[in-house]
Structure formats: structure tokens, C-alpha cells
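S.K.: For reference, the structure I am asking about is given below.
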Amino acid sequence: MTRPPALESSAYLLAARGQPVPHTPVWFMRQAGRALPEYRAAREGISMLESCMRPDLVVEITLQPVRRYGVDAAIFYSDIVLPLRAAGFDVEIKPGVGPVVADPVRDAAGVARVRPVTPGDVQFTTDAVQQLVSELGGTPLIGFAGAPFTVASYLVEGGPSKDFARTKAMMHRDPDLWHALADRLADVAIAYLAVQVEAGASAIQLFDSWAGGLSLRDYERFVMPHTAKVFEAIGQYGVPRVHFGVNTGELLGLMSAAGADVVGVDWRVPLDEAVRRTGPKPLQGNLDPALLFAGWDAIAPEIDRILTEGTAAPGHIFNLGHGVPPDADPDVLHRIVKYVQAKSAHVPA
């Protein structure tokens with residue numbers, strides 16, 4: 001799909017490519033929904049996954065933070081388990097819990113149930129992305145998918161987990177079974193990302209939210225090859241590819257080497273230190289979401305510090321170090337956006 005010419009001067013896309021920017025771009029993970037009262041009103045009486053399968057709601061919810069905050073990028077409203085649900089997997093998102101799988105994947109027969117996702121399975125995604133690109137104009141749309149490990153952890157555990165014991169046990173007890181599952185989930189991620197990019201998304205983000213629960217050795221052996229497969233396949237489209245995980249400070253070097261153009265950094269590692277671990281490539285991050293509740297006198301100095309540390313990277317996209325908490329004050333988020341954009345406006349274009 002031909003993207004609007006105005007996107008060529010997008011601060012987000014320039015930063016993601018390591019090019020000079022008019023200001024440091026800013027957006028927030030989980031900005032589409034969560035804290036906004038207009039989001040809760042739009043979704044009233046509608047389940048999470050159902051709302052993700054209705055283009056009218058996807059468009060409205062994706063646009064809400066762009067209108068409210070003036071962010072430099074929109075993030076597509078969806079969920080990492082949606083492609084599995086669309087392909088017939090019995091998965092639900094239970095409020096206060098997260099994705100819950102009715103029949104967890106624990107053997108070869110379970111792996112076989114993870115079938116390829118086709119564009120026809122997610123036609124609602126194509127429709128929503130195309131409409132969003134038309135309405136967003138010069139604001140880029142970020143598509144996303146769940147990385148193979150994180151999605152696999154939900155399938156194997158049957159839901160959220162603190163220690164990923166069953167998942168790690170599968171890796172070590174039956175590596176062939178694990179790699180078969182992860183390979184299928186890499187194909188799911190590739191297919192879902194391709195649908196979004198072909199419909200007009202300007203960048204993609206691969207969320208490996210729970211990879212921080214792995215050792216460096218296990219990540220390299222069991223996870224990195226499948227993540228690399230996703231990034232390599234999407235590379236043909238020429239859009240920036242962002243990789244993010246939580247508590248992944250020890251993994252940043254491998255996450256970078258897996259093929260990301262931009263590495264997301266949570267709040268635990270300063271950005272100038274992250275550059276040393278990832279190599280010279282653009283970074284995204286990394287204000288601690290907890291500081292949203294600390295008051296502006298505490299927030300502003302932290303923003304200043306992060307902007308300074310971010311200059312060590314070839315490009316910096318300001319973000320939180322994780323997602324927007326559901327009880328965050330939208331006015332604080334709006335103030336952060338305006339502050340970052342104004343504070344960094346002296347950066348040469």
C-alpha cells in the first residue's frame with residue numbers, strides 16, 4: 001500500500017531510522033485504551049477480543065490517544081493472542097487475569113493445532129489498518145505481534161505465569177517439540193505482521209514481554225532463532241522493526257542481534273548503558289510507569305535525564321519502560337508528550 005507522503009517527515013520514523021529529527025518523538029505502549037475514559041465508554045459491554053475484531057472500534061480506540069495526547073505515532077489496537085483466536089484457538093482474555101487458554105499445548109497434538117494464520121482469518125485487521133492509515137495522515141501507525149516465546153508461554157502454561165515452569169520444562173525436556181511450537185508461532189507472527197504492513201502500517205513492534213524470565217543461554221538457544229526468523233521475514237517490507245521485552249537488561253545484546261532496527265528498553269537500564277549492550281542502533285524508552293503517579297516535580301527531571309541519555313543512541317523514541325497503567329492520569333500523559341516535544345525541539349532537523 002502507498003503510504004501518505006507526509007510520513008517521510010515523521011519524527012517517529014526518522015528516529016527509528018537513526019536520522020535527524022525535528023524533536024524526540026514520543027508515544028506510549030498501551031496508549032490505545034487502558035487509562036482513557038473514552039476507551040472504557042467505547043468498550044462498555046464488549047469483551048477485549050471482540051473489540052479487537054470490530055474495525056469500527058479498533059479505529060476509534062487507536063485514534064483516541066492521538067487526539068488526546070498528540071503523540072508522534074499510533075499503536076494499532078489489538079492483542080498478541082488475537083491471531084490465534086482468529087485461527088480457531090480457544091483463548092479468552094479474562095479481566096484482571098489476562099489470556100487464558102482452554103486446552104493448553106503440552107504435546108505434539110497440541111502443537112499441531114497451531115495452524116497458519118491467513119489474511120482471510122484477520123480481514124477485520126486489514127480493514128481497520130486501511131481506514132486508520134487514511135485517517136492518520138502524517139502520523140505513522142505501528143503494527144505489532146507477540147513474539148514466539150511470549151505467545152508460547154500462554155499456550156503452554158494455559159495463562160499468565162510468574163515462573164514459566166511448564167514452558168522451560170518443555171524447552172529442556174523435549175527441545176524438538178519446543179522448536180516445532182516456536183516455529184509455528186513465528187509463522188503466525190510473520191503472517192499477522194505482514195497483513196498489517198501490507199495494509200499500510202509504517203512500522204512494527206514485536207513484543208516479547210516475558211523473555212526477561214529466561215537465562216541468557218536459554219534465550220540464545222531456544223528463543224533467538226525464532227525471533228530472528230520473524231524479523232528476517234518482515235525485513236522485505238523495509239519498515240522499522242522494534243523489539244521489546246520486560247526485565248531484559250541481560251538480553252539486550254541478543255535481542256538487538258536478532259534483527260531489530262530499534263530496541264525497546266525498560267526502565268531498569270539507562271539508555272546510555274543500553275547503547276553499549278545493543279550496539280549503535282536506535283532505542284525506545286524508558287520512563288518508569290510508576291513515576292506517572294509521583295507528581296510533575298519528580299517526572300520532569302527523569303524526562304530530562306532520559307532525553308540526555310538517549311543522545312548516546314543514533315536515534316531515540318521516548319516511551320515508558322512498559323505499558324500505561326490503567327489508573328494513570330491522562331492529563332499527566334498529555335503533559336509528558338508536550339514536554340518531551342518542546343524540550344527536544346532544539347535537536348537539528
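Residue numbering restarts at 1 for every chain of the C-alpha cells, chains are lettered A, B, ... in their displayed order, and ligands are numbered from 1 as they appear.
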Run DSSP on the backbone and tell me which residues of segment 36-275 of chain A come out as strand (DSSP E or B); list them as a PDB file with all heavy atoms, in the first residue's frame.
M.R.:
```
ATOM      1  N   ALA A  74       0.800   6.242  16.335  1.00  0.00           N
ATOM      2  CA  ALA A  74      -0.339   5.474  16.835  1.00  0.00           C
ATOM      3  C   ALA A  74       0.068   4.011  16.917  1.00  0.00           C
ATOM      4  O   ALA A  74       0.812   3.523  16.064  1.00  0.00           O
ATOM      5  CB  ALA A  74      -1.531   5.635  15.900  1.00  0.00           C
ATOM      6  N   ILE A  75      -0.409   3.324  17.927  1.00  0.00           N
ATOM      7  CA  ILE A  75      -0.183   1.878  18.034  1.00  0.00           C
ATOM      8  C   ILE A  75      -1.504   1.177  17.765  1.00  0.00           C
ATOM      9  O   ILE A  75      -2.539   1.536  18.335  1.00  0.00           O
ATOM     10  CB  ILE A  75       0.398   1.477  19.413  1.00  0.00           C
ATOM     11  CG1 ILE A  75       0.617  -0.031  19.518  1.00  0.00           C
ATOM     12  CG2 ILE A  75      -0.475   1.990  20.547  1.00  0.00           C
ATOM     13  CD1 ILE A  75       1.790  -0.554  18.756  1.00  0.00           C
ATOM     14  N   VAL A  91      -9.119 -19.284  23.111  1.00  0.00           N
ATOM     15  CA  VAL A  91      -8.416 -18.410  24.040  1.00  0.00           C
ATOM     16  C   VAL A  91      -9.288 -17.208  24.337  1.00  0.00           C
ATOM     17  O   VAL A  91      -9.960 -16.677  23.447  1.00  0.00           O
ATOM     18  CB  VAL A  91      -7.045 -17.972  23.470  1.00  0.00           C
ATOM     19  CG1 VAL A  91      -7.187 -17.297  22.123  1.00  0.00           C
ATOM     20  CG2 VAL A  91      -6.297 -17.068  24.444  1.00  0.00           C
ATOM     21  N   GLU A  92      -9.312 -16.823  25.595  1.00  0.00           N
ATOM     22  CA  GLU A  92     -10.079 -15.658  26.027  1.00  0.00           C
ATOM     23  C   GLU A  92      -9.181 -14.766  26.880  1.00  0.00           C
ATOM     24  O   GLU A  92      -8.217 -15.242  27.470  1.00  0.00           O
ATOM     25  CB  GLU A  92     -11.302 -16.085  26.864  1.00  0.00           C
ATOM     26  CG  GLU A  92     -12.334 -16.891  26.106  1.00  0.00           C
ATOM     27  CD  GLU A  92     -13.159 -16.056  25.144  1.00  0.00           C
ATOM     28  OE1 GLU A  92     -13.081 -14.811  25.221  1.00  0.00           O
ATOM     29  OE2 GLU A  92     -13.876 -16.651  24.327  1.00  0.00           O
ATOM     30  N   ILE A  93      -9.515 -13.478  26.936  1.00  0.00           N
ATOM     31  CA  ILE A  93      -8.809 -12.572  27.832  1.00  0.00           C
ATOM     32  C   ILE A  93      -9.735 -12.278  28.999  1.00  0.00           C
ATOM     33  O   ILE A  93     -10.764 -11.624  28.840  1.00  0.00           O
ATOM     34  CB  ILE A  93      -8.399 -11.275  27.119  1.00  0.00           C
ATOM     35  CG1 ILE A  93      -7.437 -11.605  25.985  1.00  0.00           C
ATOM     36  CG2 ILE A  93      -7.749 -10.314  28.115  1.00  0.00           C
ATOM     37  CD1 ILE A  93      -6.988 -10.409  25.197  1.00  0.00           C
ATOM     38  N   LYS A  94      -9.380 -12.794  30.164  1.00  0.00           N
ATOM     39  CA  LYS A  94     -10.217 -12.618  31.339  1.00  0.00           C
ATOM     40  C   LYS A  94      -9.788 -11.357  32.089  1.00  0.00           C
ATOM     41  O   LYS A  94      -8.600 -11.181  32.383  1.00  0.00           O
ATOM     42  CB  LYS A  94     -10.112 -13.839  32.259  1.00  0.00           C
ATOM     43  CG  LYS A  94     -10.698 -15.100  31.637  1.00  0.00           C
ATOM     44  CD  LYS A  94     -10.834 -16.222  32.640  1.00  0.00           C
ATOM     45  CE  LYS A  94     -11.531 -17.437  32.030  1.00  0.00           C
ATOM     46  NZ  LYS A  94     -11.678 -18.546  32.997  1.00  0.00           N
ATOM     47  N   GLY A  98      -5.784 -11.963  32.267  1.00  0.00           N
ATOM     48  CA  GLY A  98      -5.023 -11.964  31.022  1.00  0.00           C
ATOM     49  C   GLY A  98      -5.469 -13.097  30.128  1.00  0.00           C
ATOM     50  O   GLY A  98      -6.531 -13.704  30.352  1.00  0.00           O
ATOM     51  N   PRO A  99      -4.681 -13.428  29.098  1.00  0.00           N
ATOM     52  CA  PRO A  99      -5.070 -14.502  28.186  1.00  0.00           C
ATOM     53  C   PRO A  99      -5.136 -15.853  28.903  1.00  0.00           C
ATOM     54  O   PRO A  99      -4.218 -16.230  29.632  1.00  0.00           O
ATOM     55  CB  PRO A  99      -3.934 -14.501  27.145  1.00  0.00           C
ATOM     56  CG  PRO A  99      -3.342 -13.131  27.216  1.00  0.00           C
ATOM     57  CD  PRO A  99      -3.445 -12.738  28.662  1.00  0.00           C
ATOM     58  N   VAL A 100      -6.244 -16.560  28.688  1.00  0.00           N
ATOM     59  CA  VAL A 100      -6.435 -17.886  29.281  1.00  0.00           C
ATOM     60  C   VAL A 100      -6.770 -18.859  28.158  1.00  0.00           C
ATOM     61  O   VAL A 100      -7.678 -18.609  27.356  1.00  0.00           O
ATOM     62  CB  VAL A 100      -7.557 -17.876  30.335  1.00  0.00           C
ATOM     63  CG1 VAL A 100      -7.827 -19.286  30.841  1.00  0.00           C
ATOM     64  CG2 VAL A 100      -7.186 -16.952  31.491  1.00  0.00           C
ATOM     65  N   VAL A 101      -6.027 -19.950  28.089  1.00  0.00           N
ATOM     66  CA  VAL A 101      -6.193 -20.954  27.038  1.00  0.00           C
ATOM     67  C   VAL A 101      -6.953 -22.146  27.604  1.00  0.00           C
ATOM     68  O   VAL A 101      -6.556 -22.727  28.629  1.00  0.00           O
ATOM     69  CB  VAL A 101      -4.821 -21.400  26.488  1.00  0.00           C
ATOM     70  CG1 VAL A 101      -4.988 -22.453  25.400  1.00  0.00           C
ATOM     71  CG2 VAL A 101      -4.053 -20.199  25.960  1.00  0.00           C
ATOM     72  N   LEU A 141       1.422   4.628  11.796  1.00  0.00           N
ATOM     73  CA  LEU A 141       0.752   3.568  12.540  1.00  0.00           C
ATOM     74  C   LEU A 141       1.734   2.436  12.781  1.00  0.00           C
ATOM     75  O   LEU A 141       2.367   1.944  11.843  1.00  0.00           O
ATOM     76  CB  LEU A 141      -0.457   3.046  11.759  1.00  0.00           C
ATOM     77  CG  LEU A 141      -1.206   1.868  12.403  1.00  0.00           C
ATOM     78  CD1 LEU A 141      -1.893   2.306  13.689  1.00  0.00           C
ATOM     79  CD2 LEU A 141      -2.222   1.278  11.425  1.00  0.00           C
ATOM     80  N   ILE A 142       1.860   2.026  14.034  1.00  0.00           N
ATOM     81  CA  ILE A 142       2.723   0.902  14.397  1.00  0.00           C
ATOM     82  C   ILE A 142       1.863  -0.355  14.497  1.00  0.00           C
ATOM     83  O   ILE A 142       0.912  -0.414  15.286  1.00  0.00           O
ATOM     84  CB  ILE A 142       3.416   1.151  15.749  1.00  0.00           C
ATOM     85  CG1 ILE A 142       4.186   2.478  15.731  1.00  0.00           C
ATOM     86  CG2 ILE A 142       4.353  -0.005  16.092  1.00  0.00           C
ATOM     87  CD1 ILE A 142       4.622   2.936  17.108  1.00  0.00           C
ATOM     88  N   GLY A 143       2.191  -1.360  13.694  1.00  0.00           N
ATOM     89  CA  GLY A 143       1.558  -2.658  13.837  1.00  0.00           C
ATOM     90  C   GLY A 143       2.352  -3.489  14.832  1.00  0.00           C
ATOM     91  O   GLY A 143       3.505  -3.183  15.140  1.00  0.00           O
ATOM     92  N   PHE A 144       1.752  -4.547  15.352  1.00  0.00           N
ATOM     93  CA  PHE A 144       2.518  -5.357  16.309  1.00  0.00           C
ATOM     94  C   PHE A 144       2.023  -6.790  16.346  1.00  0.00           C
ATOM     95  O   PHE A 144       0.946  -7.132  15.840  1.00  0.00           O
ATOM     96  CB  PHE A 144       2.463  -4.737  17.709  1.00  0.00           C
ATOM     97  CG  PHE A 144       1.176  -4.966  18.458  1.00  0.00           C
ATOM     98  CD1 PHE A 144       1.012  -6.073  19.276  1.00  0.00           C
ATOM     99  CD2 PHE A 144       0.135  -4.050  18.359  1.00  0.00           C
ATOM    100  CE1 PHE A 144      -0.166  -6.268  19.970  1.00  0.00           C
ATOM    101  CE2 PHE A 144      -1.043  -4.237  19.057  1.00  0.00           C
ATOM    102  CZ  PHE A 144      -1.195  -5.355  19.864  1.00  0.00           C
ATOM    103  N   ALA A 145       2.866  -7.616  16.961  1.00  0.00           N
ATOM    104  CA  ALA A 145       2.517  -9.021  17.188  1.00  0.00           C
ATOM    105  C   ALA A 145       3.273  -9.500  18.413  1.00  0.00           C
ATOM    106  O   ALA A 145       4.245  -8.873  18.856  1.00  0.00           O
ATOM    107  CB  ALA A 145       2.876  -9.878  15.974  1.00  0.00           C
ATOM    108  N   GLY A 146       2.823 -10.619  18.960  1.00  0.00           N
ATOM    109  CA  GLY A 146       3.533 -11.244  20.064  1.00  0.00           C
ATOM    110  C   GLY A 146       4.665 -12.098  19.538  1.00  0.00           C
ATOM    111  O   GLY A 146       4.526 -12.796  18.531  1.00  0.00           O
ATOM    112  N   ALA A 203       5.433   0.792  10.611  1.00  0.00           N
ATOM    113  CA  ALA A 203       6.463   0.169  11.440  1.00  0.00           C
ATOM    114  C   ALA A 203       5.811  -1.003  12.164  1.00  0.00           C
ATOM    115  O   ALA A 203       4.581  -1.108  12.215  1.00  0.00           O
ATOM    116  CB  ALA A 203       7.044   1.157  12.444  1.00  0.00           C
ATOM    117  N   ILE A 204       6.645  -1.884  12.725  1.00  0.00           N
ATOM    118  CA  ILE A 204       6.093  -2.984  13.515  1.00  0.00           C
ATOM    119  C   ILE A 204       6.869  -3.099  14.818  1.00  0.00           C
ATOM    120  O   ILE A 204       8.039  -2.727  14.909  1.00  0.00           O
ATOM    121  CB  ILE A 204       6.114  -4.323  12.748  1.00  0.00           C
ATOM    122  CG1 ILE A 204       7.543  -4.781  12.443  1.00  0.00           C
ATOM    123  CG2 ILE A 204       5.278  -4.238  11.490  1.00  0.00           C
ATOM    124  CD1 ILE A 204       8.134  -5.756  13.437  1.00  0.00           C
ATOM    125  N   GLN A 205       6.185  -3.600  15.835  1.00  0.00           N
ATOM    126  CA  GLN A 205       6.845  -3.878  17.108  1.00  0.00           C
ATOM    127  C   GLN A 205       6.532  -5.310  17.503  1.00  0.00           C
ATOM    128  O   GLN A 205       5.376  -5.733  17.489  1.00  0.00           O
ATOM    129  CB  GLN A 205       6.395  -2.919  18.200  1.00  0.00           C
ATOM    130  CG  GLN A 205       7.067  -3.172  19.540  1.00  0.00           C
ATOM    131  CD  GLN A 205       7.068  -1.965  20.450  1.00  0.00           C
ATOM    132  OE1 GLN A 205       7.340  -0.848  20.026  1.00  0.00           O
ATOM    133  NE2 GLN A 205       6.787  -2.171  21.730  1.00  0.00           N
ATOM    134  N   LEU A 206       7.580  -6.039  17.833  1.00  0.00           N
ATOM    135  CA  LEU A 206       7.441  -7.415  18.290  1.00  0.00           C
ATOM    136  C   LEU A 206       7.584  -7.415  19.807  1.00  0.00           C
ATOM    137  O   LEU A 206       8.625  -7.031  20.341  1.00  0.00           O
ATOM    138  CB  LEU A 206       8.508  -8.305  17.648  1.00  0.00           C
ATOM    139  CG  LEU A 206       8.318  -9.814  17.797  1.00  0.00           C
ATOM    140  CD1 LEU A 206       7.073 -10.289  17.047  1.00  0.00           C
ATOM    141  CD2 LEU A 206       9.556 -10.562  17.298  1.00  0.00           C
ATOM    142  N   PHE A 207       6.515  -7.818  20.485  1.00  0.00           N
ATOM    143  CA  PHE A 207       6.500  -7.831  21.942  1.00  0.00           C
ATOM    144  C   PHE A 207       6.917  -9.202  22.457  1.00  0.00           C
ATOM    145  O   PHE A 207       6.183 -10.174  22.287  1.00  0.00           O
ATOM    146  CB  PHE A 207       5.100  -7.516  22.469  1.00  0.00           C
ATOM    147  CG  PHE A 207       4.725  -6.063  22.411  1.00  0.00           C
ATOM    148  CD1 PHE A 207       4.124  -5.538  21.277  1.00  0.00           C
ATOM    149  CD2 PHE A 207       4.967  -5.225  23.483  1.00  0.00           C
ATOM    150  CE1 PHE A 207       3.758  -4.198  21.221  1.00  0.00           C
ATOM    151  CE2 PHE A 207       4.606  -3.884  23.441  1.00  0.00           C
ATOM    152  CZ  PHE A 207       4.002  -3.364  22.303  1.00  0.00           C
ATOM    153  N   ARG A 241      11.644  -2.085  12.444  1.00  0.00           N
ATOM    154  CA  ARG A 241      11.241  -3.235  13.249  1.00  0.00           C
ATOM    155  C   ARG A 241      11.741  -3.012  14.676  1.00  0.00           C
ATOM    156  O   ARG A 241      12.944  -2.887  14.900  1.00  0.00           O
ATOM    157  CB  ARG A 241      11.828  -4.520  12.679  1.00  0.00           C
ATOM    158  CG  ARG A 241      11.365  -4.840  11.253  1.00  0.00           C
ATOM    159  CD  ARG A 241      12.313  -5.814  10.562  1.00  0.00           C
ATOM    160  NE  ARG A 241      13.637  -5.214  10.370  1.00  0.00           N
ATOM    161  CZ  ARG A 241      14.691  -5.857   9.876  1.00  0.00           C
ATOM    162  NH1 ARG A 241      14.595  -7.126   9.522  1.00  0.00           N
ATOM    163  NH2 ARG A 241      15.852  -5.228   9.743  1.00  0.00           N
ATOM    164  N   VAL A 242      10.811  -2.963  15.626  1.00  0.00           N
ATOM    165  CA  VAL A 242      11.130  -2.677  17.025  1.00  0.00           C
ATOM    166  C   VAL A 242      10.958  -3.956  17.839  1.00  0.00           C
ATOM    167  O   VAL A 242      10.026  -4.730  17.615  1.00  0.00           O
ATOM    168  CB  VAL A 242      10.206  -1.572  17.580  1.00  0.00           C
ATOM    169  CG1 VAL A 242      10.643  -1.164  18.985  1.00  0.00           C
ATOM    170  CG2 VAL A 242      10.178  -0.360  16.648  1.00  0.00           C
ATOM    171  N   HIS A 243      11.868  -4.165  18.796  1.00  0.00           N
ATOM    172  CA  HIS A 243      11.795  -5.339  19.657  1.00  0.00           C
ATOM    173  C   HIS A 243      11.723  -4.874  21.104  1.00  0.00           C
ATOM    174  O   HIS A 243      12.496  -4.009  21.517  1.00  0.00           O
ATOM    175  CB  HIS A 243      13.049  -6.192  19.448  1.00  0.00           C
ATOM    176  CG  HIS A 243      12.931  -7.598  19.941  1.00  0.00           C
ATOM    177  ND1 HIS A 243      11.734  -8.165  20.316  1.00  0.00           N
ATOM    178  CD2 HIS A 243      13.877  -8.566  20.124  1.00  0.00           C
ATOM    179  CE1 HIS A 243      11.947  -9.421  20.685  1.00  0.00           C
ATOM    180  NE2 HIS A 243      13.231  -9.679  20.590  1.00  0.00           N
ATOM    181  N   PHE A 244      10.793  -5.425  21.873  1.00  0.00           N
ATOM    182  CA  PHE A 244      10.653  -5.005  23.262  1.00  0.00           C
ATOM    183  C   PHE A 244      10.349  -6.186  24.174  1.00  0.00           C
ATOM    184  O   PHE A 244       9.573  -7.076  23.832  1.00  0.00           O
ATOM    185  CB  PHE A 244       9.527  -3.975  23.413  1.00  0.00           C
ATOM    186  CG  PHE A 244       9.266  -3.595  24.847  1.00  0.00           C
ATOM    187  CD1 PHE A 244      10.137  -2.759  25.516  1.00  0.00           C
ATOM    188  CD2 PHE A 244       8.167  -4.109  25.528  1.00  0.00           C
ATOM    189  CE1 PHE A 244       9.923  -2.426  26.855  1.00  0.00           C
ATOM    190  CE2 PHE A 244       7.943  -3.783  26.862  1.00  0.00           C
ATOM    191  CZ  PHE A 244       8.828  -2.942  27.527  1.00  0.00           C
ATOM    192  N   VAL A 262      15.218  -1.209  16.000  1.00  0.00           N
ATOM    193  CA  VAL A 262      15.089  -0.389  17.207  1.00  0.00           C
ATOM    194  C   VAL A 262      14.889  -1.353  18.374  1.00  0.00           C
ATOM    195  O   VAL A 262      14.101  -2.296  18.273  1.00  0.00           O
ATOM    196  CB  VAL A 262      13.881   0.566  17.125  1.00  0.00           C
ATOM    197  CG1 VAL A 262      13.774   1.418  18.388  1.00  0.00           C
ATOM    198  CG2 VAL A 262      13.960   1.436  15.882  1.00  0.00           C
ATOM    199  N   VAL A 263      15.595  -1.104  19.475  1.00  0.00           N
ATOM    200  CA  VAL A 263      15.437  -1.952  20.654  1.00  0.00           C
ATOM    201  C   VAL A 263      14.725  -1.161  21.749  1.00  0.00           C
ATOM    202  O   VAL A 263      15.158  -0.065  22.116  1.00  0.00           O
ATOM    203  CB  VAL A 263      16.796  -2.459  21.174  1.00  0.00           C
ATOM    204  CG1 VAL A 263      16.598  -3.324  22.425  1.00  0.00           C
ATOM    205  CG2 VAL A 263      17.509  -3.264  20.086  1.00  0.00           C
ATOM    206  N   GLY A 264      13.617  -1.702  22.246  1.00  0.00           N
ATOM    207  CA  GLY A 264      12.916  -1.104  23.366  1.00  0.00           C
ATOM    208  C   GLY A 264      13.594  -1.485  24.670  1.00  0.00           C
ATOM    209  O   GLY A 264      13.991  -2.643  24.866  1.00  0.00           O
TER     210      GLY A 264
END
```
S.K.: Would you please extract all alpha helix (DSSP H) residues from segment 95-332 of chain A, as assigned by DSSP on the backbone, and give them as a PyMOL selection string?
M.R.: chain A and resi 108-112+123-136+148-157+165-173+175-199+216-218+224-234+252-257+271-278+296-310+330-332
S.K.: For a quick check of understanding, using only C-alpha atoms, which of A:Asp90, A:Asp187, A:Glu8, A:Asp304 has the smallest distance to Thr118 of chain A?
M.R.: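 Smallest distance to Thr118 of chain A is found for A:Asp187.
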S.K.: For Phe89 of chain A, work out the shell of residues within 9 Å, counting only C-alpha atoms and skipping chain neighbours fewer than 6 positions away, then give it as a PyMOL selection string.
M.R.: chain A and resi 83+101-103+113-114
S.K.: May I have the selected residues written with N, CA, C and O atoms, as a CSV table (one decimal), in the first residue's frame?
M.R.:
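Contents of the output file result-v2.csv:
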```
chain,number,residue,atom,x,y,z
A,83,PRO,N,-4.4,-13.3,16.8
A,83,PRO,CA,-4.3,-14.2,15.6
A,83,PRO,C,-4.6,-15.7,15.9
A,83,PRO,O,-5.2,-16.4,15.1
A,101,VAL,N,-6.0,-19.9,28.1
A,101,VAL,CA,-6.2,-21.0,27.0
A,101,VAL,C,-7.0,-22.1,27.6
A,101,VAL,O,-6.6,-22.7,28.6
A,102,ALA,N,-8.1,-22.5,27.0
A,102,ALA,CA,-8.9,-23.6,27.5
A,102,ALA,C,-8.2,-24.9,27.5
A,102,ALA,O,-8.4,-25.7,28.4
A,103,ASP,N,-7.4,-25.2,26.4
A,103,ASP,CA,-6.8,-26.5,26.3
A,103,ASP,C,-5.3,-26.3,26.0
A,103,ASP,O,-4.9,-26.1,24.8
A,113,ARG,N,-2.3,-28.2,16.5
A,113,ARG,CA,-3.5,-27.4,16.5
A,113,ARG,C,-3.2,-25.9,16.2
A,113,ARG,O,-4.1,-25.1,15.8
A,114,VAL,N,-1.9,-25.5,16.3
A,114,VAL,CA,-1.5,-24.2,15.9
A,114,VAL,C,-1.3,-24.1,14.4
A,114,VAL,O,-0.2,-24.4,13.9
```
S.K.: Just the residues within 12 Å of Ala112 of chain A, please, counting only C-alpha atoms, with nothing from its chain fewer than 2 positions along; format it as an MDAnalysis selection string.
M.R.: chainID A and resid 89 105:110 114:116 177 180:185
S.K.: Which neighbours of Phe124 of chain A fall inside 8 Å, counting only C-alpha atoms, when residues of the same chain fewer than 4 positions from it are skipped, and could you give them as a list in words?
M.R.: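 Returned residues: Met53, Arg54, Pro55 and Ala128 of chain A.
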S.K.: Once you have the residues from the selection above, write them out as a PDB file, in the first residue's frame, restricted to C-alpha atoms.
M.R.:
```pdb
ATOM      1  CA  MET A  53     -12.295  -7.875  15.801  1.00  0.00           C
ATOM      2  CA  ARG A  54     -14.556  -4.893  15.120  1.00  0.00           C
ATOM      3  CA  PRO A  55     -12.884  -2.420  12.715  1.00  0.00           C
ATOM      4  CA  ALA A 128      -9.085  -1.384  10.273  1.00  0.00           C
TER       5      ALA A 128
END
```
S.K.: Which residue, A:Ala147, A:Val230, A:Val133, A:Leu291, has the smallest gap to Ala6 of chain A when you use only C-alpha atoms?
M.R.: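 Checking each candidate against Ala6 of chain A, we get A:Val133 as the closest.
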S.K.: So that I can see what lies close to Ala258 of chain A, please list as a ChimeraX atom specification the residues with an atom at most 12 Å from it, counting only C-alpha atoms and leaving out residues fewer than 2 positions away in the same chain.
M.R.: /A:147,206,219-220,223-233,235,241-244,251-256,260-263,278
S.K.: Nearest to Pro325 of chain A: which of A:Leu292, A:Ile46, A:Ile80, A:Ala189 is it, counting only C-alpha atoms?
M.R.: A:Leu292
S.K.: Select, from A:Asp163, A:Glu273, A:Glu250, A:Asp218, the residue with the minimum atom-to-atom distance to Thr311 of chain A, counting only C-alpha atoms.
M.R.: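 That would be A:Glu273, the residue with the smallest distance to Thr311 of chain A.
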S.K.: Of the candidates A:Asp272, A:Glu302, A:Asp327, A:Glu50, which shows the shortest atom-to-atom distance to Tyr77 of chain A, using only C-alpha atoms?
M.R.: A:Glu50
S.K.: Could you please determine the separation between atom CA of Val122 of chain A and atom CA of Leu136 of chain A in Å, to one decimal place?
M.R.: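 So the two atoms, atom CA of Val122 of chain A and atom CA of Leu136 of chain A, lie 21.2 Å apart.
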S.K.: Ranking A:Ser202, A:Gln236, A:Ser134, A:Ser153 by minimum distance to Val81 of chain A and counting only C-alpha atoms, which one comes first?
M.R.: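 Ranked by minimum distance to Val81 of chain A, first place goes to A:Ser153.
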